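Some notes on the structure that comes next.
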Amino acid sequence: MKPFLATTFVVLSASSFAAQAGDVYLGAGLPGITLGYAHPLDERFTLRADVTTLGRIDYDRSDDGVDYDGRVKVDRLAFFGDWYVHRNFRLTAGLTVNDARARLTGRADGTTITIGDRQYVAGPDDRLDVRVRYPTVMPYLGIGFGRPPQAVGGWGFMVDLGLAFGKPKVTGGVSGPLLSATVPREDVERELDDIRDDVERLRGIPQIGVSVVYRF
């Protein structure tokens, strides 16, 4: 994903210098740090492209007696069309190209681990591995506030609120000498279903961000 992001940054930078007028913006929020370029088409419409990265975040969580060590990674390339319906207020639609995934490793809390509502004896080498991955391409809808296409050059800011729609894929399994021999697949699937219920509540990847903008 790193070569992909590097190439995208170069393309965005070249576009910003080649264009006669446009906005370069740098923002932060969900799903991470964003660098982008916006080019006005007329007094109501703007095209945008940006790259966003969350990097890698490690965290811990507990669910139904399973203690998880987690790692989340989000990298995103987005293409948007903005329609300014009233002054600074706009509607946004587009597509995002994502590398958004999480990996959870569940280990026993003491001598037992709960998988699918049942308790199993687990040793130090036993674990439950869960992988969550969002679709590569997802549609996006949102709203925002920003500088309208007819605004003069200089500094400003913009706000984006929206959602990239997509259902994550959740997979996983057990490993280790004790769990591999005793845990049936139906209990693993029941545990995965509990995790699916949690991650599918958002219906996608949210966009909540504030950016600083400079207009050429």
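Simple scheme: letters A, B, ... for chains in structure tokens order, numbers from 1 for residues in each chain, numbers from 1 for ligands in the order shown.
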Excluding A:Asn88 and residues on its chain fewer than 4 positions from it, collect all residues at most 6 Å away from it, counting only C-alpha atoms, and give them as a PDB file with C-alpha atoms, in the first residue's frame.
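Result written to result_5.pdb:
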```
ATOM      1  CA  PHE A 145     -19.188  22.960   4.479  1.00  0.00           C
ATOM      2  CA  GLY A 146     -16.427  24.658   2.537  1.00  0.00           C
ATOM      3  CA  ARG A 147     -15.364  27.439   0.260  1.00  0.00           C
ATOM      4  CA  PRO A 148     -17.717  27.641  -2.752  1.00  0.00           C
TER       5      PRO A 148
END
```
What are the nearest atom pairs, with distances in Å to one decimal, for all residues of stretch 60-171 of chain A that come at most 9 Å from stretch 24-36 of chain A, using only C-alpha atoms, set out by chain and rising residue number as a Markdown table?
```
| residue | atom | partner | partner_atom | distance |
| --- | --- | --- | --- | --- |
| A:Val74 | CA | A:Pro31 | CA | 7.1 |
| A:Asp75 | CA | A:Gly32 | CA | 8.4 |
| A:Arg76 | CA | A:Pro31 | CA | 8.5 |
| A:Phe157 | CA | A:Tyr25 | CA | 8.2 |
| A:Met158 | CA | A:Tyr25 | CA | 8.6 |
| A:Val159 | CA | A:Gly27 | CA | 9.0 |
```
Nearby residues (only C-alpha atoms) at most 7 Å from stretch 193-202 of chain A, same-chain spacing under 4 positions excluded, as an MDAnalysis selection string: chainID A and resid 167:168 170 189
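Checking A:Asp117, A:Asp187, A:Asp129, A:Asp69 one by one against A:Val174, counting only C-alpha atoms, you find the shortest gap at A:Asp129.
Distance annotation: of A:Ala93, A:Arg101, A:Gly106, A:Leu41, the residue with the minimal separation from A:Asp60 is A:Gly106; atom set is only C-alpha atoms.
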Atom CA of A:Asp99 to atom CA of A:Pro135, straight-line distance in Å: 8.1 Å
DSSP alpha helix (DSSP H) residues within chain A, as an MDAnalysis selection string: chainID A and resid 2:18 179:182 185:199
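Distances here use only C-alpha atoms; by that measure, the residue among A:Thr182, A:Phe216, A:Thr105, A:Asp23 closest to A:Arg61 is A:Thr105.
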Find the spatial neighbours of A:Leu95, counting only C-alpha atoms, within a cut-off of 10 Å - ignore same-chain residues fewer than 2 positions away - and output them as an NGL selection string. :A and (49 or 77-81 or 93 or 97-98 or 137-141 or 164-165)
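In this comparison, which uses only C-alpha atoms, the residue of A:Arg131, A:Ala108, A:Val51, A:Gly176 approaching A:Gly70 most closely is A:Arg131.
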Need to verify the contact set: A:Arg56, 7 Å, only C-alpha atoms, exclusion of same-chain residues closer than 6 positions in sequence. Can you return it as an MDAnalysis selection string? chainID A and resid 71:73
Assign secondary structure with DSSP using the backbone only, and return the residues of stretch 130-193 of chain A in strand (DSSP E) as a ChimeraX atom specification. /A:130-133,137-145,154-165,169-175
Take the selection from the previous step and output its residues with N, CA, C and O atoms, as a compact mmCIF listing (two decimals), in the first residue's frame.
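File written: again_17.txt
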```txt
# COMPACT_ATOMS: atom_id res chain seq x y z
N VAL A 130 -9.02 -13.50 14.52
CA VAL A 130 -10.14 -12.92 13.77
C VAL A 130 -9.60 -11.84 12.83
O VAL A 130 -8.78 -11.01 13.25
N ARG A 131 -10.06 -11.86 11.59
CA ARG A 131 -9.65 -10.85 10.61
C ARG A 131 -10.90 -10.14 10.06
O ARG A 131 -11.88 -10.80 9.70
N VAL A 132 -10.84 -8.82 10.02
CA VAL A 132 -11.93 -7.99 9.51
C VAL A 132 -11.39 -7.15 8.36
O VAL A 132 -10.36 -6.48 8.51
N ARG A 133 -12.07 -7.18 7.23
CA ARG A 133 -11.62 -6.41 6.07
C ARG A 133 -12.82 -5.81 5.34
O ARG A 133 -13.79 -6.52 5.05
N VAL A 137 -13.52 -1.24 -2.94
CA VAL A 137 -14.21 -0.09 -3.53
C VAL A 137 -15.56 0.06 -2.83
O VAL A 137 -16.33 -0.90 -2.74
N MET A 138 -15.84 1.29 -2.35
CA MET A 138 -17.09 1.55 -1.63
C MET A 138 -17.68 2.89 -2.08
O MET A 138 -16.94 3.86 -2.25
N PRO A 139 -19.00 2.96 -2.29
CA PRO A 139 -19.64 4.25 -2.60
C PRO A 139 -19.68 5.14 -1.37
O PRO A 139 -19.71 4.64 -0.23
N TYR A 140 -19.69 6.45 -1.62
CA TYR A 140 -19.67 7.42 -0.52
C TYR A 140 -20.77 8.45 -0.73
O TYR A 140 -21.00 8.94 -1.84
N LEU A 141 -21.45 8.80 0.38
CA LEU A 141 -22.41 9.90 0.41
C LEU A 141 -22.15 10.74 1.66
O LEU A 141 -21.87 10.19 2.73
N GLY A 142 -22.24 12.06 1.50
CA GLY A 142 -22.00 12.91 2.66
C GLY A 142 -22.47 14.33 2.44
O GLY A 142 -23.01 14.69 1.39
N ILE A 143 -22.26 15.14 3.47
CA ILE A 143 -22.52 16.56 3.41
C ILE A 143 -21.26 17.27 3.87
O ILE A 143 -20.33 16.66 4.42
N GLY A 144 -21.22 18.59 3.64
CA GLY A 144 -20.04 19.32 4.08
C GLY A 144 -20.23 20.82 3.99
O GLY A 144 -21.23 21.32 3.46
N PHE A 145 -19.26 21.51 4.55
CA PHE A 145 -19.19 22.96 4.48
C PHE A 145 -17.79 23.33 3.99
O PHE A 145 -16.79 22.77 4.45
N GLY A 154 -6.84 32.25 -1.21
CA GLY A 154 -6.41 32.44 0.17
C GLY A 154 -6.75 31.25 1.04
O GLY A 154 -7.08 30.16 0.57
N TRP A 155 -6.69 31.47 2.36
CA TRP A 155 -6.89 30.40 3.32
C TRP A 155 -8.35 30.25 3.72
O TRP A 155 -9.11 31.22 3.70
N GLY A 156 -8.73 29.04 4.09
CA GLY A 156 -10.07 28.77 4.58
C GLY A 156 -10.10 27.42 5.26
O GLY A 156 -9.05 26.84 5.58
N PHE A 157 -11.29 26.90 5.51
CA PHE A 157 -11.43 25.58 6.11
C PHE A 157 -12.66 24.91 5.55
O PHE A 157 -13.53 25.55 4.94
N MET A 158 -12.74 23.59 5.73
CA MET A 158 -13.94 22.85 5.32
C MET A 158 -14.18 21.69 6.28
O MET A 158 -13.27 21.24 6.99
N VAL A 159 -15.43 21.23 6.28
CA VAL A 159 -15.86 20.14 7.15
C VAL A 159 -16.54 19.08 6.28
O VAL A 159 -17.32 19.41 5.38
N ASP A 160 -16.23 17.81 6.55
CA ASP A 160 -16.86 16.69 5.85
C ASP A 160 -17.51 15.74 6.84
O ASP A 160 -16.89 15.34 7.84
N LEU A 161 -18.76 15.36 6.56
CA LEU A 161 -19.49 14.36 7.34
C LEU A 161 -20.13 13.39 6.35
O LEU A 161 -20.89 13.81 5.48
N GLY A 162 -19.83 12.12 6.48
CA GLY A 162 -20.40 11.18 5.54
C GLY A 162 -20.06 9.75 5.88
O GLY A 162 -19.53 9.44 6.95
N LEU A 163 -20.37 8.85 4.94
CA LEU A 163 -20.15 7.43 5.16
C LEU A 163 -19.83 6.75 3.84
O LEU A 163 -20.52 6.95 2.83
N ALA A 164 -18.73 5.95 3.84
CA ALA A 164 -18.44 5.05 2.73
C ALA A 164 -19.13 3.73 3.04
O ALA A 164 -18.84 3.08 4.04
N PHE A 165 -20.07 3.34 2.19
CA PHE A 165 -20.93 2.20 2.47
C PHE A 165 -20.27 0.89 2.05
O PHE A 165 -19.84 0.75 0.90
N LYS A 169 -15.96 -8.07 5.73
CA LYS A 169 -15.87 -9.52 5.77
C LYS A 169 -15.11 -9.93 7.01
O LYS A 169 -14.00 -9.45 7.27
N VAL A 170 -15.71 -10.81 7.81
CA VAL A 170 -15.11 -11.27 9.06
C VAL A 170 -14.80 -12.75 8.93
O VAL A 170 -15.70 -13.56 8.67
N THR A 171 -13.53 -13.11 9.10
CA THR A 171 -13.11 -14.51 9.04
C THR A 171 -12.23 -14.81 10.25
O THR A 171 -11.75 -13.90 10.92
N GLY A 172 -12.00 -16.10 10.51
CA GLY A 172 -11.14 -16.44 11.63
C GLY A 172 -11.16 -17.92 11.94
O GLY A 172 -11.84 -18.71 11.27
N GLY A 173 -10.41 -18.27 12.97
CA GLY A 173 -10.32 -19.66 13.38
C GLY A 173 -9.49 -19.79 14.64
O GLY A 173 -8.92 -18.81 15.14
N VAL A 174 -9.44 -21.00 15.19
CA VAL A 174 -8.64 -21.27 16.39
C VAL A 174 -7.36 -21.99 16.00
O VAL A 174 -7.27 -22.63 14.95
N SER A 175 -6.35 -21.87 16.87
CA SER A 175 -5.09 -22.57 16.68
C SER A 175 -4.53 -22.95 18.04
O SER A 175 -4.93 -22.40 19.07
```
